[in-house]
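Below is work-v1.cif, which holds mmCIF, C-alpha atoms and all ligand atoms.
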data_input
#
loop_
_atom_site.label_atom_id
_atom_site.label_comp_id
_atom_site.auth_asym_id
_atom_site.auth_seq_id
_atom_site.Cartn_x
_atom_site.Cartn_y
_atom_site.Cartn_z
CA MET T 40 69.50 116.45 130.07
CA LYS T 41 73.25 116.96 130.52
CA SER T 42 75.09 116.93 127.19
CA LYS T 43 77.96 114.46 126.85
CA LEU T 44 79.61 116.86 124.41
CA PRO T 45 78.71 120.31 125.73
CA ASN T 46 81.28 122.09 123.57
CA ALA T 47 80.42 120.41 120.26
CA SER T 48 78.83 122.66 117.67
CA THR T 49 78.28 122.56 113.91
CA SER T 50 81.61 121.78 112.25
CA ILE T 51 83.43 124.58 110.44
CA PHE T 52 83.18 122.53 107.23
CA ALA T 53 79.38 122.52 107.37
CA VAL T 54 79.33 126.22 108.34
CA MET T 55 81.59 127.30 105.46
CA SER T 56 79.97 125.04 102.87
CA LYS T 57 76.54 126.43 103.80
CA MET T 58 77.87 129.99 103.66
CA ALA T 59 79.37 129.23 100.23
CA ALA T 60 76.01 127.93 98.99
CA ASP T 61 74.05 130.84 100.51
CA HIS T 62 76.34 133.39 98.86
CA ASN T 63 76.93 131.52 95.63
CA ALA T 64 80.65 131.38 96.36
CA LEU T 65 83.25 129.06 94.89
CA ASN T 66 83.70 126.43 97.57
CA LEU T 67 87.36 125.67 98.34
CA SER T 68 86.54 125.10 102.00
CA GLN T 69 85.58 121.47 102.53
CA GLY T 70 88.11 118.81 101.53
CA PHE T 71 86.55 116.96 98.65
CA PRO T 72 87.32 116.71 94.92
CA ASN T 73 84.93 118.27 92.40
CA PHE T 74 85.78 115.67 89.77
CA GLU T 75 84.60 112.11 89.41
CA SER T 76 86.02 108.90 90.76
CA ASP T 77 87.39 106.50 88.10
CA PRO T 78 84.45 105.10 86.01
CA VAL T 79 86.24 101.73 86.09
CA LEU T 80 85.85 101.62 89.88
CA ILE T 81 82.22 102.72 89.67
CA GLU T 82 81.60 99.94 87.14
CA MET T 83 83.25 97.43 89.49
CA VAL T 84 80.87 98.48 92.28
CA ASN T 85 77.89 98.09 89.90
CA GLN T 86 79.16 94.69 88.88
CA ALA T 87 79.55 93.57 92.51
CA MET T 88 75.96 94.61 93.18
CA LYS T 89 74.75 92.71 90.12
CA GLU T 90 76.72 89.67 91.23
CA GLY T 91 74.77 89.67 94.48
CA TYR T 92 77.18 91.13 97.03
CA ASN T 93 74.31 92.94 98.67
CA GLN T 94 74.15 91.40 102.14
CA TYR T 95 76.38 91.85 105.17
CA ALA T 96 80.11 91.67 104.59
CA PRO T 97 82.23 89.80 107.16
CA MET T 98 82.61 91.82 110.38
CA PRO T 99 86.33 92.72 109.90
CA GLY T 100 85.86 93.35 106.16
CA ASP T 101 85.98 91.42 102.91
CA LEU T 102 88.93 89.02 103.11
CA ASP T 103 90.10 89.73 99.52
CA LEU T 104 90.21 93.42 100.36
CA ARG T 105 92.09 92.84 103.62
CA GLU T 106 94.59 90.74 101.69
CA VAL T 107 95.30 93.44 99.12
CA ILE T 108 95.62 96.01 101.91
CA SER T 109 98.13 93.70 103.56
CA GLN T 110 100.11 93.31 100.31
CA LYS T 111 100.05 97.06 99.68
CA THR T 112 101.37 97.81 103.18
CA ARG T 113 104.05 95.14 102.83
CA SER T 114 105.28 96.45 99.50
CA LEU T 115 105.22 100.12 100.55
CA HIS T 116 106.46 99.85 104.12
CA GLN T 117 108.01 96.37 104.42
CA LYS T 118 105.67 95.55 107.27
CA ASN T 119 103.39 92.55 107.40
CA TYR T 120 99.88 92.95 108.82
CA ASN T 121 97.99 89.69 109.15
CA SER T 122 94.81 90.03 107.08
CA ALA T 123 92.93 87.74 109.47
CA THR T 124 93.75 89.49 112.70
CA GLU T 125 95.35 92.89 112.12
CA ILE T 126 93.29 94.70 109.45
CA THR T 127 89.69 95.94 109.71
CA VAL T 128 87.74 97.73 106.97
CA THR T 129 85.78 100.71 108.28
CA ALA T 130 83.20 103.29 107.23
CA GLY T 131 85.84 105.89 106.43
CA ALA T 132 88.81 106.93 108.55
CA THR T 133 86.51 108.84 110.88
CA GLN T 134 84.93 105.61 112.10
CA ALA T 135 88.35 103.99 112.41
CA ILE T 136 89.61 106.91 114.53
CA PHE T 137 86.50 106.90 116.72
CA THR T 138 86.65 103.14 117.19
CA ALA T 139 90.35 103.14 118.09
CA ILE T 140 89.77 105.86 120.68
CA ALA T 141 86.66 104.10 122.05
CA ALA T 142 88.60 100.85 122.34
CA VAL T 143 91.42 102.17 124.52
CA ILE T 144 90.61 105.52 126.13
CA GLU T 145 89.23 105.41 129.65
CA LYS T 146 88.10 108.06 132.13
CA GLY T 147 91.03 110.25 133.15
CA ASP T 148 93.36 109.22 130.31
CA GLU T 149 95.25 112.01 128.61
CA VAL T 150 95.74 112.05 124.85
CA ILE T 151 98.26 114.35 123.18
CA ILE T 152 97.21 115.82 119.85
CA PHE T 153 98.91 118.36 117.60
CA THR T 154 96.92 121.47 116.80
CA PRO T 155 95.77 122.64 114.30
CA ALA T 156 94.07 119.23 114.40
CA TYR T 157 91.37 117.53 112.39
CA ASP T 158 88.16 118.07 114.29
CA CYS T 159 87.06 114.53 115.21
CA TYR T 160 89.85 113.63 117.65
CA ASP T 161 88.91 115.82 120.58
CA PRO T 162 85.17 115.00 120.85
CA SER T 163 85.89 111.27 120.54
CA ILE T 164 88.41 111.51 123.39
CA GLU T 165 85.99 113.55 125.51
CA LEU T 166 83.12 111.12 124.94
CA PHE T 167 85.08 108.34 126.63
CA GLY T 168 86.14 110.47 129.57
CA GLY T 169 89.61 111.27 128.27
CA LYS T 170 91.31 114.63 128.23
CA THR T 171 92.87 116.17 125.14
CA ILE T 172 96.30 117.69 125.72
CA PRO T 173 97.11 119.91 122.74
CA VAL T 174 100.57 120.72 121.47
CA GLN T 175 100.37 123.78 119.25
CA LEU T 176 102.30 123.64 115.97
CA LYS T 177 103.34 127.06 114.78
CA ALA T 178 103.15 128.72 111.38
CA PRO T 179 104.81 128.88 108.98
CA ASP T 180 106.38 125.39 109.04
CA TYR T 181 104.23 123.64 111.69
CA LYS T 182 107.17 121.51 112.83
CA VAL T 183 106.82 119.44 116.01
CA ASP T 184 108.85 120.47 119.05
CA TRP T 185 109.42 117.04 120.60
CA ASN T 186 110.77 118.53 123.84
CA GLU T 187 107.42 120.23 124.30
CA VAL T 188 105.71 116.89 123.68
CA GLU T 189 107.81 115.19 126.36
CA ASP T 190 107.09 118.04 128.76
CA LYS T 191 103.37 117.38 128.40
CA ILE T 192 103.58 113.67 129.14
CA THR T 193 102.30 112.73 132.60
CA TYR T 194 101.49 109.44 134.33
CA LYS T 195 97.98 109.84 132.87
CA THR T 196 99.09 110.03 129.23
CA LYS T 197 97.77 107.04 127.27
CA MET T 198 98.11 107.96 123.61
CA ILE T 199 99.59 110.39 121.08
CA ILE T 200 97.64 111.14 117.90
CA ILE T 201 99.64 112.15 114.84
CA ASN T 202 98.52 113.06 111.33
CA THR T 203 100.96 112.93 108.43
CA PRO T 204 100.65 114.41 105.80
CA HIS T 205 98.99 116.97 108.00
CA ASN T 206 95.62 118.60 107.50
CA PRO T 207 95.40 121.62 107.37
CA SER T 208 99.07 122.71 107.15
CA GLY T 209 100.40 120.33 104.48
CA MET T 210 103.38 119.54 106.76
CA ILE T 211 104.83 116.03 106.72
CA PHE T 212 106.62 114.08 109.45
CA SER T 213 110.25 113.32 108.60
CA GLU T 214 111.99 110.03 109.35
CA SER T 215 113.64 111.73 112.29
CA ASP T 216 110.21 112.87 113.63
CA MET T 217 109.00 109.28 113.49
CA LEU T 218 112.15 107.93 115.18
CA THR T 219 111.83 110.49 117.95
CA LEU T 220 108.15 109.63 118.36
CA GLN T 221 109.08 105.96 118.54
CA GLU T 222 111.66 106.65 121.25
CA ILE T 223 109.19 108.71 123.29
CA VAL T 224 106.33 106.22 123.14
CA GLU T 225 108.60 103.34 124.06
CA LYS T 226 110.11 105.25 126.96
CA HIS T 227 106.70 106.26 128.35
CA ASN T 228 104.78 103.14 127.27
CA LEU T 229 102.21 105.02 125.16
CA LEU T 230 99.88 104.08 122.34
CA VAL T 231 99.77 105.94 119.01
CA LEU T 232 96.98 106.70 116.61
CA SER T 233 98.56 107.56 113.27
CA ASP T 234 96.03 109.23 110.98
CA GLU T 235 97.47 108.65 107.51
CA VAL T 236 94.49 109.46 105.28
CA TYR T 237 96.69 111.48 102.90
CA GLU T 238 99.37 108.74 102.70
CA HIS T 239 99.30 108.79 98.86
CA ILE T 240 99.33 112.58 98.46
CA ILE T 241 102.91 113.65 99.16
CA PHE T 242 104.98 116.00 96.99
CA ASP T 243 108.46 116.82 95.71
CA ASN T 244 109.67 113.20 95.89
CA ASN T 245 109.25 113.07 99.66
CA THR T 246 108.60 109.73 101.32
CA HIS T 247 105.55 109.01 103.43
CA PHE T 248 106.99 107.71 106.71
CA SER T 249 104.12 105.57 107.87
CA ALA T 250 104.11 104.37 111.48
CA ALA T 251 104.11 100.91 109.84
CA ARG T 252 107.79 101.39 108.87
CA PHE T 253 109.08 101.53 112.44
CA SER T 254 108.61 98.19 114.15
CA ALA T 255 108.53 99.34 117.78
CA LEU T 256 106.17 102.16 116.82
CA ALA T 257 103.94 99.89 114.72
CA SER T 258 103.68 97.50 117.67
CA ARG T 259 101.81 100.20 119.63
CA SER T 260 99.96 102.00 116.81
CA PHE T 261 96.57 102.12 115.21
CA ILE T 262 97.04 103.37 111.64
CA THR T 263 93.97 104.80 109.91
CA ALA T 264 93.45 105.21 106.17
CA SER T 265 90.76 106.52 103.83
CA PHE T 266 89.82 105.21 100.38
CA GLY T 267 87.63 108.30 99.91
CA LYS T 268 90.72 110.52 99.90
CA THR T 269 92.71 108.19 97.66
CA PHE T 270 90.08 107.37 95.04
CA HIS T 271 88.10 110.65 94.85
CA ASN T 272 84.92 109.34 96.47
CA THR T 273 84.72 110.84 99.96
CA GLY T 274 80.95 110.23 99.90
CA TRP T 275 81.44 106.46 99.94
CA LYS T 276 82.98 106.66 103.43
CA MET T 277 85.34 103.71 103.14
CA GLY T 278 88.60 103.27 105.01
CA TYR T 279 90.53 100.87 107.18
CA CYS T 280 92.58 100.42 110.30
CA LEU T 281 95.86 98.55 110.79
CA ALA T 282 97.00 97.50 114.26
CA PRO T 283 98.87 94.67 115.96
CA GLU T 284 96.60 91.82 117.01
CA LYS T 285 96.33 92.76 120.68
CA LEU T 286 95.09 96.25 119.76
CA MET T 287 92.98 95.07 116.84
CA THR T 288 91.15 92.57 119.07
CA GLU T 289 89.97 95.46 121.24
CA PHE T 290 89.20 97.58 118.17
CA ARG T 291 86.96 94.86 116.75
CA LYS T 292 85.05 94.49 120.01
CA VAL T 293 83.83 98.07 119.50
CA HIS T 294 83.54 97.81 115.72
CA GLN T 295 81.26 94.79 115.83
CA TYR T 296 78.70 96.54 118.04
CA ASN T 297 79.01 99.89 116.32
CA VAL T 298 78.76 99.31 112.56
CA PHE T 299 79.33 95.53 112.58
CA SER T 300 80.44 95.57 108.94
CA VAL T 301 80.66 98.07 106.08
CA ASN T 302 79.46 98.39 102.49
CA ASN T 303 79.88 95.00 100.84
CA PRO T 304 79.81 95.76 97.06
CA ILE T 305 82.27 98.64 97.44
CA GLN T 306 84.65 96.37 99.37
CA LYS T 307 84.47 93.77 96.59
CA ALA T 308 85.18 96.45 93.99
CA LEU T 309 88.09 97.95 95.97
CA ALA T 310 89.63 94.50 96.40
CA GLU T 311 89.84 94.24 92.61
CA TYR T 312 90.71 97.87 91.92
CA LEU T 313 93.62 97.97 94.40
CA LYS T 314 95.39 95.12 92.61
CA THR T 315 96.71 97.72 90.13
CA SER T 316 99.10 99.67 92.31
CA ASP T 317 99.48 102.61 89.88
CA ARG T 318 95.95 103.58 90.84
CA TYR T 319 97.22 104.86 94.18
CA LEU T 320 100.93 105.30 93.40
CA ASP T 321 100.17 107.89 90.69
CA LEU T 322 98.15 110.05 93.05
CA SER T 323 101.02 112.20 94.32
CA VAL T 324 101.98 113.20 90.77
CA PHE T 325 98.33 113.88 89.96
CA TYR T 326 97.91 116.23 92.94
CA GLN T 327 101.36 117.79 92.63
CA LYS T 328 100.36 118.94 89.14
CA LYS T 329 97.25 120.53 90.60
CA ARG T 330 99.22 122.19 93.42
CA ASP T 331 101.83 123.54 91.00
CA TYR T 332 99.20 124.70 88.49
CA PHE T 333 97.29 126.53 91.21
CA LEU T 334 100.37 128.09 92.84
CA GLU T 335 101.67 129.32 89.48
CA LEU T 336 98.32 131.01 88.86
CA ILE T 337 98.38 132.83 92.22
CA LYS T 338 102.10 133.55 92.45
CA ASP T 339 101.54 137.30 92.00
CA SER T 340 98.72 137.50 94.54
CA ARG T 341 99.22 139.29 97.86
CA PHE T 342 99.05 136.04 99.84
CA LYS T 343 102.27 134.65 101.33
CA ILE T 344 102.57 131.03 100.33
CA ILE T 345 104.75 128.09 101.32
CA PRO T 346 103.93 125.19 98.98
CA SER T 347 102.05 122.36 100.65
CA LYS T 348 104.20 119.22 101.12
CA GLY T 349 101.27 116.81 101.17
CA THR T 350 97.44 116.55 101.36
CA TYR T 351 95.27 118.45 98.88
CA PHE T 352 95.26 121.60 100.99
CA GLN T 353 97.21 124.81 100.68
CA MET T 354 97.60 127.41 103.41
CA LEU T 355 97.35 131.05 102.33
CA ASP T 356 98.84 133.66 104.68
CA PHE T 357 96.88 136.91 104.44
CA SER T 358 98.85 138.91 107.02
CA GLU T 359 99.97 141.43 104.38
CA ILE T 360 96.41 141.93 103.15
CA SER T 361 94.36 142.41 106.30
CA SER T 362 94.60 142.56 110.09
CA GLU T 363 91.16 140.98 110.48
CA SER T 364 90.86 137.67 112.34
CA ASP T 365 91.02 134.66 110.02
CA ILE T 366 87.35 133.98 110.77
CA ALA T 367 86.29 137.52 109.82
CA PHE T 368 88.56 137.46 106.76
CA SER T 369 87.25 134.15 105.40
CA GLU T 370 83.64 135.19 106.06
CA ARG T 371 84.20 138.41 104.17
CA LEU T 372 85.89 136.55 101.31
CA THR T 373 82.92 134.20 101.07
CA LYS T 374 80.29 136.93 101.14
CA GLU T 375 82.02 139.68 99.14
CA ASN T 376 84.62 137.99 96.94
CA LYS T 377 82.60 134.79 96.46
CA ILE T 378 85.27 132.32 97.49
CA ALA T 379 84.98 130.05 100.54
CA SER T 380 87.96 128.80 102.58
CA ILE T 381 88.56 127.49 106.10
CA PRO T 382 89.86 129.81 108.84
CA THR T 383 92.46 127.61 110.52
CA SER T 384 92.36 129.19 114.00
CA VAL T 385 89.32 127.02 114.75
CA PHE T 386 91.67 124.01 114.80
CA ASN T 387 94.26 125.69 117.06
CA THR T 388 94.67 125.63 120.82
CA ASP T 389 92.69 128.56 122.26
CA GLY T 390 91.89 129.71 118.72
CA GLU T 391 95.44 130.99 118.07
CA ASP T 392 95.31 132.97 114.84
CA PHE T 393 98.28 132.75 112.43
CA LYS T 394 96.35 134.72 109.75
CA GLN T 395 96.16 131.67 107.54
CA ILE T 396 93.24 130.27 105.62
CA ARG T 397 93.12 126.79 104.11
CA VAL T 398 91.99 126.16 100.55
CA CYS T 399 91.40 122.79 98.91
CA PHE T 400 92.99 122.32 95.48
CA ALA T 401 91.32 118.96 94.71
CA LYS T 402 89.47 120.80 91.98
CA THR T 403 89.30 120.85 88.19
CA GLU T 404 91.68 123.21 86.37
CA GLU T 405 88.68 125.33 85.44
CA THR T 406 87.72 125.78 89.12
CA LEU T 407 91.35 126.51 90.05
CA ARG T 408 91.48 129.19 87.32
CA GLU T 409 88.26 130.76 88.61
CA ALA T 410 89.66 130.67 92.15
CA ALA T 411 92.93 132.27 91.03
CA ILE T 412 91.14 135.19 89.36
CA ILE T 413 89.36 135.93 92.63
CA LEU T 414 92.43 135.43 94.86
CA ASN T 415 94.64 137.60 92.63
CA ALA T 416 92.14 140.46 92.97
CA ILE T 417 92.13 140.42 96.79
C1 LIG V 1 93.16 114.36 108.73
C2 LIG V 1 91.88 113.67 108.40
N1 LIG V 1 91.57 112.54 109.07
C3 LIG V 1 90.44 111.87 108.80
C4 LIG V 1 89.54 112.32 107.85
C5 LIG V 1 88.27 111.55 107.61
O1 LIG V 1 88.37 110.65 106.55
P1 LIG V 1 87.07 109.88 106.04
O2 LIG V 1 86.34 110.80 105.11
O3 LIG V 1 87.59 108.66 105.36
O4 LIG V 1 86.23 109.55 107.25
C6 LIG V 1 89.81 113.50 107.16
C7 LIG V 1 88.85 114.04 106.17
O5 LIG V 1 88.88 115.20 105.83
C8 LIG V 1 91.03 114.18 107.43
O6 LIG V 1 91.35 115.30 106.78
#

In structure tokens, write the structure found in this file.
Amino acid sequence: MKSKLPNASTSIFAVMSKMAADHNALNLSQGFPNFESDPVLIEMVNQAMKEGYNQYAPMPGDLDLREVISQKTRSLHQKNYNSATEITVTAGATQAIFTAIAAVIEKGDEVIIFTPAYDCYDPSIELFGGKTIPVQLKAPDYKVDWNEVEDKITYKTKMIIINTPHNPSGMIFSESDMLTLQEIVEKHNLLVLSDEVYEHIIFDNNTHFSAARFSALASRSFITASFGKTFHNTGWKMGYCLAPEKLMTEFRKVHQYNVFSVNNPIQKALAEYLKTSDRYLDLSVFYQKKRDYFLELIKDSRFKIIPSKGTYFQMLDFSEISSESDIAFSERLTKENKIASIPTSVFNTDGEDFKQIRVCFAKTEETLREAAIILNAI
């Protein structure tokens, strides 16, 4: 049988996590916290189960939850999304991304993505007959060259996928980036998928410039979000998508035959939990403390470091330590030094290697101390 995804293989996250387990290494590779989600939220989920919210939720999501998402977006970005027609709750951002792509990408469409890119965009595009057109961001600052983007637009281009704050580099899009993007997509009549899963993890008093803030951009964008990233429960796989009604109508046509609806008791709990805005507004301070704690501990290491501006990832440049490829270097670190990271060339166009590995600092202080001892000795 002919494979529909001939190039897909085991994801680097699974590979590195398995290698970490096999070699008893500290696992800073995959992006998940090693501390618990708020017990108050867990209790709310239990309560919702006890109260009988154990059958199918409405197809687009629990209405109370959609309403708080709408209020949150209005208060943060001054943009109104209609909870009835423009918000859908999904099984994590991954499902939202897949569904948005499935809803609009047809055979022959070209989709521009920025590499290093999160690994689910390309296979989703390919599955629906689209073609990924990568624009390579370059270390150390991973800034977008918008002239290069315009050069890659053809009559086949249908969509641009952005991700801010950006995994793995920790780069963030500025207001001017978003305004330029808006100009380009209006000029060429393109759609946008704005992957904003790290929207609440942004440092040094920077602002998260959501696509929701720019009305012409928002009118052609799917915006995807992840509760797993925000509330330390990536295993619950809960997220949502925002889009104007004409796009959301198409999104829901796919959603209703794919998952139909997602976890009901967790939606009920999130609807309640989100009413206290500090629970997500305090997240940047929480993670900035972790970033600063970790970077202080490794400041005398031989890695070259530019502090992450957002996400819970930090890039470590090892070019002064070794001339190995990043894949060889991170494998050796896992097996010999007992610390697992992600070699970032796997997310780049043609595997371009900037000699940078990605580590996740969504870890307890104890784990960060252990990690620092190892990294300082390399
Ligand atoms: C940039 C980016 N997008 C999407 C996702 C997926 O989010 P979720 O776990 O909610 O599916 C991740 C998870 O690592 C991510 O880093």

Practice item. Write as a PyMOL selection string the residues around ligand LIG 1 (chain V), taking 7 Å as the cut-off and counting all atoms listed in the file. Key: chain T and resi 70+130-134+157+202+205-206+234+236+264-268+273+276-278

Considering only C-alpha atoms, give me a table of residues in segment 300-321 of chain T that are at most 6 Å from segment 75-99 of chain T, with the closest atom pair and distance in Å for each, as CSV.
residue,atom,partner,partner_atom,distance
T:Ser300,CA,T:Met98,CA,4.6
T:Asn303,CA,T:Ala96,CA,5.0
T:Pro304,CA,T:Ala87,CA,5.1
T:Ile305,CA,T:Val84,CA,5.3
T:Ala308,CA,T:Met83,CA,5.0

Which residues of segment 339-397 of chain T have any atom within 12 Å of an atom in segment 51-54 of chain T when counting all atoms listed in the file, and what is the closest pair of atoms for each, with the distance in Å to one decimal? Order the rows by chain and rising number and write it as JSON lines.
{"residue": "T:Ile366", "atom": "CA", "partner": "T:Ile51", "partner_atom": "CA", "distance": 10.2}
{"residue": "T:Ser369", "atom": "CA", "partner": "T:Ile51", "partner_atom": "CA", "distance": 11.5}
{"residue": "T:Glu370", "atom": "CA", "partner": "T:Val54", "partner_atom": "CA", "distance": 10.2}
{"residue": "T:Thr373", "atom": "CA", "partner": "T:Val54", "partner_atom": "CA", "distance": 11.4}
{"residue": "T:Ala379", "atom": "CA", "partner": "T:Phe52", "partner_atom": "CA", "distance": 10.2}
{"residue": "T:Ser380", "atom": "CA", "partner": "T:Phe52", "partner_atom": "CA", "distance": 9.2}
{"residue": "T:Ile381", "atom": "CA", "partner": "T:Ile51", "partner_atom": "CA", "distance": 7.3}
{"residue": "T:Pro382", "atom": "CA", "partner": "T:Ile51", "partner_atom": "CA", "distance": 8.4}
{"residue": "T:Thr383", "atom": "CA", "partner": "T:Ile51", "partner_atom": "CA", "distance": 9.5}
{"residue": "T:Ser384", "atom": "CA", "partner": "T:Ile51", "partner_atom": "CA", "distance": 10.7}
{"residue": "T:Val385", "atom": "CA", "partner": "T:Ile51", "partner_atom": "CA", "distance": 7.7}
{"residue": "T:Phe386", "atom": "CA", "partner": "T:Ile51", "partner_atom": "CA", "distance": 9.3}
{"residue": "T:Arg397", "atom": "CA", "partner": "T:Phe52", "partner_atom": "CA", "distance": 11.3}

Review point. Pick the closest to Phe153 of chain T from T:Ile201, T:Ala123, T:Ile396, T:Ile211: which is it, counting only C-alpha atoms?
Key: T:Ile201

Review point. Suppose you want the space between atom CA of Ala282 of chain T and atom CA of Phe167 of chain T; what is it in Å?
Key: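 Taking atom CA of Ala282 of chain T as the start and atom CA of Phe167 of chain T as the end point, the length is 20.3 Å.
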
Point to revise | Surrounding residues of Ile136 of chain T excluding itself and chain neighbours under 3 positions, 10 Å, only C-alpha atoms, as a PyMOL selection string | key: chain T and resi 129+131-133+139-142+159-160+163+200+232-234+261-264+279-280

Since we have the selection now, will you write its residues out, keeping C-alpha atoms, as a compact mmCIF listing (two decimals), in the frame of the given file?
# COMPACT_ATOMS: atom_id res chain seq x y z
CA THR T 129 85.78 100.71 108.28
CA GLY T 131 85.84 105.89 106.43
CA ALA T 132 88.81 106.93 108.55
CA THR T 133 86.51 108.84 110.88
CA ALA T 139 90.35 103.14 118.09
CA ILE T 140 89.77 105.86 120.68
CA ALA T 141 86.66 104.10 122.05
CA ALA T 142 88.60 100.85 122.34
CA CYS T 159 87.06 114.53 115.21
CA TYR T 160 89.85 113.63 117.65
CA SER T 163 85.89 111.27 120.54
CA ILE T 200 97.64 111.14 117.90
CA LEU T 232 96.98 106.70 116.61
CA SER T 233 98.56 107.56 113.27
CA ASP T 234 96.03 109.23 110.98
CA PHE T 261 96.57 102.12 115.21
CA ILE T 262 97.04 103.37 111.64
CA THR T 263 93.97 104.80 109.91
CA ALA T 264 93.45 105.21 106.17
CA TYR T 279 90.53 100.87 107.18
CA CYS T 280 92.58 100.42 110.30

Exercise for review: Excluding segment 342-358 of chain T and any residue of its chain fewer than 6 positions from it, enumerate the residues within 8 Å of it, using only C-alpha atoms, and give them as a list of chain:residue names.
Suggested key: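 The filter keeps T:Gly70, T:Pro179, T:Pro204, T:His205, T:Asn206, T:Pro207, T:Ser208, T:Gly209, T:Met210, T:Ile211, T:Tyr237, T:Ile240, T:Ile241, T:Phe242, T:Asp243, T:Tyr326, T:Arg330, T:Leu334, T:Phe393, T:Lys394, T:Gln395, T:Ile396, T:Arg397, T:Val398, T:Cys399, T:Phe400, T:Ala401.
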
Review point. What gap, in Å, lies between atom CA of Thr171 of chain T and atom CA of Lys197 of chain T?
Key: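 Result for atom CA of Thr171 of chain T versus atom CA of Lys197 of chain T: 10.6 Å, one decimal.
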